[in-house]
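So this one's coords27.txt, compact mmCIF, C-alpha atoms and all ligand atoms:
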# COMPACT_ATOMS: atom_id res chain seq x y z
CA MET A 1 57.32 113.47 -34.83
CA LYS A 2 60.16 110.93 -34.70
CA ILE A 3 61.47 110.56 -31.16
CA VAL A 4 64.41 108.42 -30.01
CA VAL A 5 64.49 107.52 -26.31
CA LEU A 6 67.91 106.55 -24.98
CA THR A 7 67.60 103.93 -22.33
CA LYS A 8 69.98 101.83 -20.29
CA ALA A 9 69.69 98.21 -19.21
CA ALA A 10 71.21 98.73 -15.79
CA VAL A 11 72.72 96.47 -13.16
CA PRO A 12 70.17 96.08 -10.32
CA LEU A 13 71.36 97.66 -7.08
CA SER A 14 71.72 94.41 -5.23
CA PRO A 15 75.03 93.72 -3.42
CA SER A 16 75.06 90.16 -4.80
CA LEU A 17 74.83 91.41 -8.41
CA VAL A 18 77.22 94.37 -8.33
CA LYS A 19 80.68 93.03 -9.24
CA ILE A 20 83.77 94.98 -10.25
CA ASP A 21 86.37 93.63 -12.68
CA PRO A 22 89.60 93.87 -10.58
CA GLU A 23 91.76 94.41 -13.70
CA THR A 24 89.82 97.17 -15.47
CA GLY A 25 88.03 98.55 -12.39
CA THR A 26 84.74 98.50 -14.34
CA LEU A 27 81.31 97.17 -13.55
CA VAL A 28 80.72 93.60 -14.75
CA ARG A 29 77.53 93.34 -16.79
CA GLU A 30 78.06 89.98 -18.49
CA GLY A 31 75.91 87.27 -16.92
CA VAL A 32 73.98 89.76 -14.76
CA PRO A 33 70.18 89.96 -15.21
CA LEU A 34 69.86 93.60 -16.30
CA THR A 35 66.85 95.73 -15.53
CA SER A 36 65.34 98.78 -17.24
CA ASN A 37 66.84 101.92 -15.64
CA VAL A 38 63.90 103.13 -13.59
CA TRP A 39 64.42 106.85 -14.36
CA ASP A 40 64.19 106.19 -18.11
CA ARG A 41 60.46 105.56 -17.65
CA ASP A 42 60.04 109.31 -17.16
CA ALA A 43 61.75 109.83 -20.54
CA VAL A 44 59.55 107.21 -22.21
CA GLU A 45 56.41 108.73 -20.70
CA LEU A 46 57.23 112.25 -21.94
CA ALA A 47 58.07 110.87 -25.41
CA LEU A 48 54.78 108.93 -25.54
CA LYS A 49 52.82 112.03 -24.45
CA LEU A 50 54.40 113.96 -27.36
CA LYS A 51 53.52 111.12 -29.75
CA ASP A 52 49.93 111.05 -28.40
CA LYS A 53 49.68 114.79 -29.16
CA TYR A 54 51.54 115.12 -32.47
CA SER A 55 51.56 111.48 -33.76
CA GLY A 56 54.70 109.84 -35.13
CA GLU A 57 57.01 107.17 -33.74
CA VAL A 58 58.90 106.50 -30.51
CA ILE A 59 62.04 104.36 -30.85
CA ALA A 60 64.00 103.12 -27.82
CA LEU A 61 67.77 102.84 -28.26
CA SER A 62 70.08 101.02 -25.88
CA MET A 63 73.73 100.01 -25.92
CA ALA A 64 73.95 96.85 -23.86
CA PRO A 65 74.83 93.15 -23.96
CA PRO A 66 72.05 90.81 -25.27
CA SER A 67 70.82 90.50 -21.65
CA GLY A 68 69.46 94.04 -22.18
CA ILE A 69 66.60 92.73 -24.36
CA PRO A 70 64.04 92.23 -21.52
CA ALA A 71 64.49 95.87 -20.47
CA LEU A 72 63.56 96.96 -24.01
CA GLU A 73 60.61 94.55 -24.07
CA SER A 74 59.12 96.25 -21.03
CA LEU A 75 59.39 99.67 -22.71
CA ILE A 76 57.62 98.31 -25.80
CA GLY A 77 54.98 97.10 -23.32
CA MET A 78 54.62 100.73 -22.20
CA GLY A 79 53.88 101.83 -25.78
CA VAL A 80 57.24 102.39 -27.49
CA ASP A 81 56.84 101.45 -31.20
CA ARG A 82 60.16 99.67 -31.70
CA ALA A 83 63.64 99.37 -30.26
CA ILE A 84 67.26 99.13 -31.36
CA LEU A 85 69.77 97.23 -29.23
CA VAL A 86 73.31 98.07 -30.20
CA SER A 87 75.46 95.29 -28.90
CA ASP A 88 79.00 94.14 -29.58
CA LYS A 89 81.90 92.84 -27.49
CA ALA A 90 83.96 95.70 -28.97
CA PHE A 91 81.76 98.15 -26.99
CA ALA A 92 82.49 96.55 -23.57
CA GLY A 93 84.16 98.74 -20.96
CA ALA A 94 82.98 101.99 -22.57
CA ASP A 95 83.05 105.16 -20.50
CA THR A 96 80.29 107.73 -21.02
CA TRP A 97 82.16 109.42 -23.91
CA ALA A 98 82.50 106.16 -25.87
CA THR A 99 78.91 105.15 -25.01
CA ALA A 100 77.54 108.46 -26.34
CA HIS A 101 79.71 108.07 -29.46
CA VAL A 102 78.13 104.70 -30.31
CA LEU A 103 74.61 105.99 -29.55
CA ALA A 104 75.10 109.06 -31.76
CA LYS A 105 76.52 107.01 -34.66
CA THR A 106 73.63 104.52 -34.40
CA ILE A 107 71.11 107.37 -34.57
CA GLU A 108 72.88 108.91 -37.57
CA LYS A 109 72.74 105.59 -39.41
CA TYR A 110 69.37 104.15 -38.37
CA VAL A 111 67.20 107.17 -37.47
CA PRO A 112 68.78 110.04 -39.44
CA ASP A 113 65.45 111.89 -39.70
CA TYR A 114 64.89 112.12 -35.91
CA ASP A 115 63.24 115.24 -34.47
CA LEU A 116 63.99 114.73 -30.80
CA ILE A 117 66.14 112.56 -28.51
CA VAL A 118 64.85 112.05 -24.98
CA THR A 119 66.95 110.62 -22.14
CA GLY A 120 66.44 109.91 -18.47
CA GLU A 121 68.12 112.21 -15.94
CA GLU A 122 70.64 109.60 -14.79
CA THR A 123 71.07 105.87 -14.22
CA ILE A 124 70.77 103.81 -11.07
CA ASP A 125 74.12 102.03 -11.56
CA SER A 126 76.51 104.79 -12.67
CA ALA A 127 74.56 108.05 -12.34
CA THR A 128 76.97 110.37 -14.12
CA ALA A 129 74.14 112.15 -16.02
CA HIS A 130 76.66 112.61 -18.87
CA ILE A 131 75.00 110.71 -21.71
CA GLY A 132 72.39 113.29 -22.76
CA ALA A 133 74.92 116.14 -23.01
CA GLN A 134 77.59 114.02 -24.68
CA THR A 135 75.19 112.56 -27.26
CA ALA A 136 74.02 116.09 -28.12
CA ASN A 137 77.67 117.08 -28.47
CA TRP A 138 78.47 114.18 -30.81
CA LEU A 139 75.43 115.05 -32.94
CA GLY A 140 75.99 118.83 -32.81
CA VAL A 141 72.45 119.63 -31.62
CA PRO A 142 71.09 121.65 -28.65
CA TYR A 143 70.62 120.06 -25.22
CA VAL A 144 68.37 120.95 -22.27
CA TYR A 145 68.28 119.00 -18.98
CA TYR A 146 65.86 118.71 -16.00
CA VAL A 147 62.93 118.98 -18.43
CA TYR A 148 59.46 118.19 -17.07
CA ASP A 149 57.24 119.33 -19.95
CA ALA A 150 57.55 119.91 -23.70
CA GLU A 151 55.39 121.00 -26.61
CA VAL A 152 55.88 121.89 -30.26
CA ARG A 153 55.04 125.40 -31.51
CA ASN A 154 55.74 126.38 -35.13
CA LYS A 155 58.20 123.49 -35.54
CA THR A 156 60.10 124.69 -32.44
CA LEU A 157 60.27 122.80 -29.17
CA ILE A 158 59.15 124.68 -26.07
CA VAL A 159 60.56 122.99 -22.97
CA ARG A 160 59.99 123.70 -19.33
CA ARG A 161 62.55 122.69 -16.75
CA PHE A 162 62.91 122.91 -13.01
CA LEU A 163 66.22 123.42 -11.22
CA GLU A 164 65.50 121.73 -7.92
CA ASP A 165 68.26 123.29 -5.81
CA GLU A 166 67.42 126.85 -6.77
CA GLY A 167 63.67 126.22 -7.13
CA ILE A 168 63.77 127.93 -10.52
CA ASP A 169 61.22 127.19 -13.24
CA GLU A 170 62.51 128.04 -16.74
CA THR A 171 61.07 127.91 -20.26
CA TYR A 172 63.31 127.48 -23.31
CA GLU A 173 62.62 127.61 -27.01
CA VAL A 174 64.81 125.06 -28.77
CA GLU A 175 65.34 124.32 -32.43
CA MET A 176 64.85 120.71 -33.43
CA PRO A 177 66.46 118.26 -33.69
CA ALA A 178 67.49 118.47 -30.05
CA VAL A 179 68.26 116.33 -27.01
CA ILE A 180 66.39 116.70 -23.72
CA SER A 181 66.90 114.88 -20.39
CA VAL A 182 63.79 114.41 -18.31
CA LEU A 183 63.72 115.30 -14.61
CA LYS A 184 63.40 112.12 -12.60
CA GLY A 185 60.06 111.66 -10.88
CA SER A 186 58.46 114.38 -13.03
CA GLN A 187 56.15 112.00 -14.95
CA VAL A 188 53.67 109.30 -14.02
CA PRO A 189 54.85 106.46 -16.28
CA ARG A 190 52.04 104.46 -17.86
CA GLU A 191 51.58 100.77 -17.11
CA VAL A 192 53.36 98.02 -19.05
CA ARG A 193 50.67 96.18 -21.02
CA LEU A 194 51.29 92.44 -21.02
CA SER A 195 49.62 91.99 -24.44
CA ARG A 196 52.20 94.35 -26.02
CA LYS A 197 55.13 92.97 -24.03
CA LEU A 198 54.43 89.37 -25.09
CA ASN A 199 55.19 90.11 -28.77
CA ALA A 200 57.81 92.75 -28.08
CA ARG A 201 60.82 90.75 -29.30
CA GLU A 202 59.73 91.07 -32.95
CA TYR A 203 60.01 94.90 -32.66
CA ILE A 204 63.63 94.84 -31.44
CA GLN A 205 66.41 95.21 -33.99
CA VAL A 206 69.87 94.09 -32.83
CA VAL A 207 72.79 95.95 -34.41
CA SER A 208 76.49 95.08 -34.01
CA ASN A 209 79.66 96.89 -35.01
CA LYS A 210 79.67 94.83 -38.21
CA GLU A 211 76.80 97.00 -39.42
CA LEU A 212 77.96 100.24 -37.73
CA GLY A 213 81.55 99.93 -38.89
CA LEU A 214 83.08 102.07 -36.11
CA ASP A 215 86.85 102.10 -35.61
CA PRO A 216 87.58 99.59 -32.75
CA ASP A 217 90.06 102.12 -31.30
CA CYS A 218 87.22 104.64 -30.85
CA VAL A 219 84.76 102.40 -28.98
CA GLY A 220 84.66 100.33 -25.77
CA LEU A 221 87.53 100.46 -23.30
CA ARG A 222 90.05 101.37 -26.03
CA GLY A 223 88.02 104.40 -27.07
CA SER A 224 87.44 105.59 -23.49
CA PRO A 225 89.49 108.57 -22.29
CA THR A 226 88.42 107.95 -18.65
CA VAL A 227 90.64 105.63 -16.62
CA VAL A 228 89.51 104.21 -13.28
CA ALA A 229 92.55 105.02 -11.13
CA GLY A 230 91.46 102.98 -8.14
CA MET A 231 88.53 101.47 -6.37
CA ALA A 232 87.89 100.49 -2.75
CA PRO A 233 84.87 99.14 -0.89
CA ALA A 234 83.03 101.73 1.18
CA THR A 235 83.76 101.46 4.88
CA TYR A 236 81.29 102.46 7.57
CA PRO A 237 81.99 103.02 11.29
CA PRO A 238 80.38 100.40 13.54
CA ARG A 239 76.84 101.26 14.62
CA LYS A 240 76.20 102.51 18.15
CA LYS A 241 72.87 101.21 19.30
CA ILE A 242 71.57 103.90 21.66
CA VAL A 243 67.95 103.82 22.81
CA LEU A 244 66.59 107.10 24.17
CA GLN A 245 63.67 106.94 26.52
CA GLY A 246 61.48 109.59 28.15
CA GLU A 247 59.27 112.53 27.14
CA PRO A 248 59.52 113.37 23.39
CA THR A 249 60.90 116.89 24.01
CA GLU A 250 63.57 115.53 26.38
CA VAL A 251 64.43 112.72 23.94
CA VAL A 252 64.88 115.22 21.09
CA LYS A 253 67.15 117.41 23.27
CA LYS A 254 69.27 114.35 24.17
CA LEU A 255 69.39 113.29 20.52
CA ILE A 256 70.60 116.74 19.43
CA GLN A 257 73.23 116.71 22.19
CA ILE A 258 74.52 113.27 21.10
CA LEU A 259 74.60 114.27 17.43
CA ARG A 260 76.61 117.41 18.37
CA GLU A 261 79.04 115.35 20.45
CA GLU A 262 79.51 112.99 17.50
CA GLY A 263 80.22 115.94 15.20
CA ILE A 264 77.20 115.20 13.00
CA LEU A 265 75.43 118.51 13.74
C1 LIG B 301 86.47 103.98 -17.64
C2 LIG B 301 85.07 103.47 -17.56
C3 LIG B 301 84.81 102.19 -17.93
C4 LIG B 301 83.51 101.68 -17.86
N1 LIG B 301 83.28 100.37 -18.17
C5 LIG B 301 82.07 99.86 -18.03
C6 LIG B 301 81.80 98.48 -18.26
O1 LIG B 301 82.70 97.72 -18.58
N2 LIG B 301 80.55 98.03 -18.12
C7 LIG B 301 79.56 98.88 -17.74
O2 LIG B 301 78.43 98.43 -17.58
N3 LIG B 301 79.76 100.18 -17.52
C8 LIG B 301 80.98 100.69 -17.65
N4 LIG B 301 81.21 101.99 -17.38
C9 LIG B 301 80.08 102.82 -17.07
C10 LIG B 301 79.48 103.26 -18.39
O3 LIG B 301 80.33 104.12 -19.06
C11 LIG B 301 78.21 103.98 -18.11
O4 LIG B 301 77.36 103.10 -17.45
C12 LIG B 301 77.53 104.45 -19.37
O5 LIG B 301 78.40 105.15 -20.19
C13 LIG B 301 76.36 105.31 -19.07
O6 LIG B 301 76.68 106.25 -18.09
P1 LIG B 301 75.71 106.44 -16.89
O7 LIG B 301 75.22 105.10 -16.46
O8 LIG B 301 76.37 107.30 -15.89
O9 LIG B 301 74.49 107.19 -17.61
P2 LIG B 301 73.87 108.62 -17.32
O10 LIG B 301 74.62 109.63 -18.08
O11 LIG B 301 73.67 108.82 -15.84
O12 LIG B 301 72.48 108.33 -18.02
C14 LIG B 301 71.63 109.39 -18.46
C15 LIG B 301 70.66 108.78 -19.46
O13 LIG B 301 71.39 108.39 -20.62
C16 LIG B 301 70.81 107.22 -21.19
N5 LIG B 301 71.79 106.13 -21.22
C17 LIG B 301 72.77 105.85 -20.32
N6 LIG B 301 73.45 104.76 -20.71
C18 LIG B 301 72.89 104.33 -21.86
C19 LIG B 301 73.14 103.23 -22.74
N7 LIG B 301 74.14 102.36 -22.51
N8 LIG B 301 72.35 103.08 -23.82
C20 LIG B 301 71.35 103.97 -24.08
N9 LIG B 301 71.07 105.02 -23.28
C21 LIG B 301 71.82 105.20 -22.18
C22 LIG B 301 69.58 106.91 -20.32
O14 LIG B 301 68.47 107.59 -20.84
C23 LIG B 301 69.95 107.52 -18.99
O15 LIG B 301 68.83 107.80 -18.21
C24 LIG B 301 82.47 102.52 -17.43
C25 LIG B 301 82.74 103.84 -17.08
C26 LIG B 301 84.02 104.31 -17.12
C27 LIG B 301 84.26 105.73 -16.69
Transcribe the structure of this file into structure tokens.
Ligand SMILES: Cc1cc2nc3c(=O)[nH]c(=O)nc-3n(C[C@H](O)[C@H](O)[C@H](O)COP(=O)(O)OP(=O)(O)OC[C@H]3O[C@@H](n4cnc5c(N)ncnc54)[C@H](O)[C@@H]3O)c2cc1C
Amino acid sequence: MKIVVLTKAAVPLSPSLVKIDPETGTLVREGVPLTSNVWDRDAVELALKLKDKYSGEVIALSMAPPSGIPALESLIGMGVDRAILVSDKAFAGADTWATAHVLAKTIEKYVPDYDLIVTGEETIDSATAHIGAQTANWLGVPYVYYVYDAEVRNKTLIVRRFLEDEGIDETYEVEMPAVISVLKGSQVPREVRLSRKLNAREYIQVVSNKELGLDPDCVGLRGSPTVVAGMAPATYPPRKKIVLQGEPTEVVKKLIQILREEGIL
């Protein structure tokens, strides 16, 4: 089974590292130490479980600046066989549509015989949860999200998913190739093995638009139909420091009364 895991080298959620380009309104990634998107470890774990069961290959694919390499190294440390980093200045400023376009074209060129594409549910730094669906759309293959388990029966993929809000457990039969997004927190990701991580760089192939040959008007900011209309820092009302003292039942009653007065309850 040939499985491609899409994975993002994300901007760590630290106020000192999150910077917005005032002209384009986009997140600045250049010069920021990127980290492996934590929810992608669920996707990697499910892909590795499928490989353990049916054999084959797991390939991580990421569109990121060169600073995304350490994130891929850690996934190779988890057990991923090899990785492709697709990286080019022409891809900077991409919205989710343009990102999925590049990912789909890279798969078509470098892993045309894939059986399954596995993604995380969402990222820590943008969290649109668009990429899985849009990549499936670019490739013209089926897509199922919130997946927590998968198996192959008669060359068909049986996936189980859980819709958290409704508490509904569903089973789907999907023709392969397909794309699935893995429910965050649904797996117990295996450890990164230092011995594998140390030599990981030799298993990472870096691809630019020179090799992909995509039209510069269809990638990056120029190929992005989404426009950031405006951006403003979040403002929070000043904190009221109120200490409630007394018997627990009385304190809870007072707390509820205050929350009602403040319009919170
Ligand atoms: C107009 C616009 C401009 C933007 N410009 C920039 C910019 O200049 N710099 C910037 O950093 N971001 C930019 N972004 C955000 C960027 O488009 C998204 O970070 C990116 O497309 C992925 O979306 P997401 O993080 O919401 O992923 P989600 O859809 O939440 O991710 C779901 C899953 O898809 C996979 N995935 C997500 N991103 C990638 C990737 N790059 N490679 C491989 N797999 C991936 C992972 O498995 C992830 O778990 C811009 C967005 C918009 C709307």
Would you list the residues that come within 6 Å of ligand LIG 301 (chain B)? Count all atoms listed in the file and give the answer as a ChimeraX atom specification.
/A:6-8,26-29,39-40,61-64,92-96,99,119-123,125-132,226-228
Grab the residues selected above and save them as a tab-separated table (two decimals), in the coordinates of the input with C-alpha atoms.
chain	number	residue	atom	x	y	z
A	6	LEU	CA	67.91	106.55	-24.98
A	7	THR	CA	67.60	103.93	-22.33
A	8	LYS	CA	69.98	101.83	-20.29
A	26	THR	CA	84.74	98.50	-14.34
A	27	LEU	CA	81.31	97.17	-13.55
A	28	VAL	CA	80.72	93.60	-14.75
A	29	ARG	CA	77.53	93.34	-16.79
A	39	TRP	CA	64.42	106.85	-14.36
A	40	ASP	CA	64.19	106.19	-18.11
A	61	LEU	CA	67.77	102.84	-28.26
A	62	SER	CA	70.08	101.02	-25.88
A	63	MET	CA	73.73	100.01	-25.92
A	64	ALA	CA	73.95	96.85	-23.86
A	92	ALA	CA	82.49	96.55	-23.57
A	93	GLY	CA	84.16	98.74	-20.96
A	94	ALA	CA	82.98	101.99	-22.57
A	95	ASP	CA	83.05	105.16	-20.50
A	96	THR	CA	80.29	107.73	-21.02
A	99	THR	CA	78.91	105.15	-25.01
A	119	THR	CA	66.95	110.62	-22.14
A	120	GLY	CA	66.44	109.91	-18.47
A	121	GLU	CA	68.12	112.21	-15.94
A	122	GLU	CA	70.64	109.60	-14.79
A	123	THR	CA	71.07	105.87	-14.22
A	125	ASP	CA	74.12	102.03	-11.56
A	126	SER	CA	76.51	104.79	-12.67
A	127	ALA	CA	74.56	108.05	-12.34
A	128	THR	CA	76.97	110.37	-14.12
A	129	ALA	CA	74.14	112.15	-16.02
A	130	HIS	CA	76.66	112.61	-18.87
A	131	ILE	CA	75.00	110.71	-21.71
A	132	GLY	CA	72.39	113.29	-22.76
A	226	THR	CA	88.42	107.95	-18.65
A	227	VAL	CA	90.64	105.63	-16.62
A	228	VAL	CA	89.51	104.21	-13.28
Give me, please, the distance in Å between atom CA of Glu45 of chain A and atom CA of Ala98 of chain A, quoted to one decimal.
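Atom CA of Ala98 of chain A lies 26.7 Å from atom CA of Glu45 of chain A.
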Give the answer as one residue: which of A:Lys89, A:His101, A:Arg153, A:Lys184 has the shortest atom-to-atom distance to Ala43 of chain A, using all atoms listed in the file?
A:Lys184
So which one's closest to Asn154 of chain A, A:Val174, A:Val44, A:Leu198, A:Val4? Using only C-alpha atoms, please.
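Smallest separation from Asn154 of chain A among the options: A:Val174.
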Env of Val206 of chain A: 8 Å cut, atoms = all atoms listed in the file, seq-sep filter 4 positions within chain, self excluded. Answer as a PyMOL selection string.
chain A and resi 84-87
Generate a file of the selected residues that holds C-alpha atoms, formatted as an mmCIF file, keeping the file's coordinate frame.
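Full text of selection-v5.cif as output:
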data_model
loop_
_atom_site.group_PDB
_atom_site.id
_atom_site.type_symbol
_atom_site.label_atom_id
_atom_site.label_comp_id
_atom_site.auth_asym_id
_atom_site.auth_seq_id
_atom_site.Cartn_x
_atom_site.Cartn_y
_atom_site.Cartn_z
ATOM 1 C CA ILE A 84 67.260 99.130 -31.360
ATOM 2 C CA LEU A 85 69.770 97.230 -29.230
ATOM 3 C CA VAL A 86 73.310 98.070 -30.200
ATOM 4 C CA SER A 87 75.460 95.290 -28.900
#
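Each of A:Tyr114, A:Trp97, A:Tyr203, A:Tyr143 was compared to Ala83 of chain A using all atoms listed in the file, and A:Tyr203 turns out to be the nearest.
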Taken to one decimal, the atom CA of Asp88 of chain A-atom CA of Ile20 of chain A distance is 19.9 Å
Of the candidates A:Ile117, A:Ile69, A:Cys218, A:Leu194, which shows the shortest atom-to-atom distance to Val179 of chain A, using all atoms listed in the file?
A:Ile117
Would you compute the distance between atom CA of Gly263 of chain A and atom CA of Asp165 of chain A? Give it in Å to one decimal.
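Atom CA of Gly263 of chain A sits 25.3 Å away from atom CA of Asp165 of chain A.
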Counting all atoms listed in the file, which residue out of A:Asp215, A:Ala47, A:Glu202, A:Gly220 sits closest to Val147 of chain A?
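Ranking A:Asp215, A:Ala47, A:Glu202, A:Gly220 by distance to Val147 of chain A, first place goes to A:Ala47.
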Of the candidates A:Val141, A:Val243, A:Ala90, A:Ala100, which shows the shortest atom-to-atom distance to Val219 of chain A, using all atoms listed in the file?
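Checking each candidate against Val219 of chain A, we get A:Ala90 as the closest.
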Missing atoms in segment 188-207 of chain A need filling: write out N, CA and C atoms for it as a tab-separated table (two decimals), in the coordinates of the input.
chain	number	residue	atom	x	y	z
A	188	VAL	N	54.30	110.50	-14.57
A	188	VAL	CA	53.67	109.30	-14.02
A	188	VAL	C	53.68	108.26	-15.15
A	189	PRO	N	54.71	107.39	-15.15
A	189	PRO	CA	54.85	106.46	-16.28
A	189	PRO	C	53.64	105.54	-16.40
A	190	ARG	N	53.20	105.34	-17.66
A	190	ARG	CA	52.04	104.46	-17.86
A	190	ARG	C	52.43	103.01	-17.60
A	191	GLU	N	51.39	102.19	-17.43
A	191	GLU	CA	51.58	100.77	-17.11
A	191	GLU	C	52.20	100.01	-18.29
A	192	VAL	N	52.91	98.94	-18.00
A	192	VAL	CA	53.36	98.02	-19.05
A	192	VAL	C	52.19	97.09	-19.37
A	193	ARG	N	51.79	97.06	-20.65
A	193	ARG	CA	50.67	96.18	-21.02
A	193	ARG	C	51.22	94.83	-21.46
A	194	LEU	N	50.77	93.78	-20.77
A	194	LEU	CA	51.29	92.44	-21.02
A	194	LEU	C	51.08	92.03	-22.48
A	195	SER	N	49.92	92.40	-23.06
A	195	SER	CA	49.62	91.99	-24.44
A	195	SER	C	50.66	92.55	-25.41
A	196	ARG	N	51.17	93.76	-25.15
A	196	ARG	CA	52.20	94.35	-26.02
A	196	ARG	C	53.56	93.72	-25.72
A	197	LYS	N	53.81	93.48	-24.43
A	197	LYS	CA	55.13	92.97	-24.03
A	197	LYS	C	55.37	91.55	-24.57
A	198	LEU	N	54.29	90.77	-24.67
A	198	LEU	CA	54.43	89.37	-25.09
A	198	LEU	C	55.04	89.25	-26.49
A	199	ASN	N	54.67	90.17	-27.40
A	199	ASN	CA	55.19	90.11	-28.77
A	199	ASN	C	56.32	91.08	-29.02
A	200	ALA	N	56.86	91.64	-27.94
A	200	ALA	CA	57.81	92.75	-28.08
A	200	ALA	C	59.07	92.37	-28.85
A	201	ARG	N	59.53	91.13	-28.70
A	201	ARG	CA	60.82	90.75	-29.30
A	201	ARG	C	60.87	91.03	-30.80
A	202	GLU	N	59.71	90.87	-31.49
A	202	GLU	CA	59.73	91.07	-32.95
A	202	GLU	C	59.91	92.55	-33.34
A	203	TYR	N	59.81	93.46	-32.36
A	203	TYR	CA	60.01	94.90	-32.66
A	203	TYR	C	61.39	95.38	-32.23
A	204	ILE	N	62.28	94.44	-31.88
A	204	ILE	CA	63.63	94.84	-31.44
A	204	ILE	C	64.65	94.44	-32.50
A	205	GLN	N	65.36	95.45	-32.99
A	205	GLN	CA	66.41	95.21	-33.99
A	205	GLN	C	67.75	95.20	-33.26
A	206	VAL	N	68.55	94.15	-33.48
A	206	VAL	CA	69.87	94.09	-32.83
A	206	VAL	C	70.94	94.46	-33.86
A	207	VAL	N	71.77	95.42	-33.49
A	207	VAL	CA	72.79	95.95	-34.41
A	207	VAL	C	74.16	95.73	-33.78
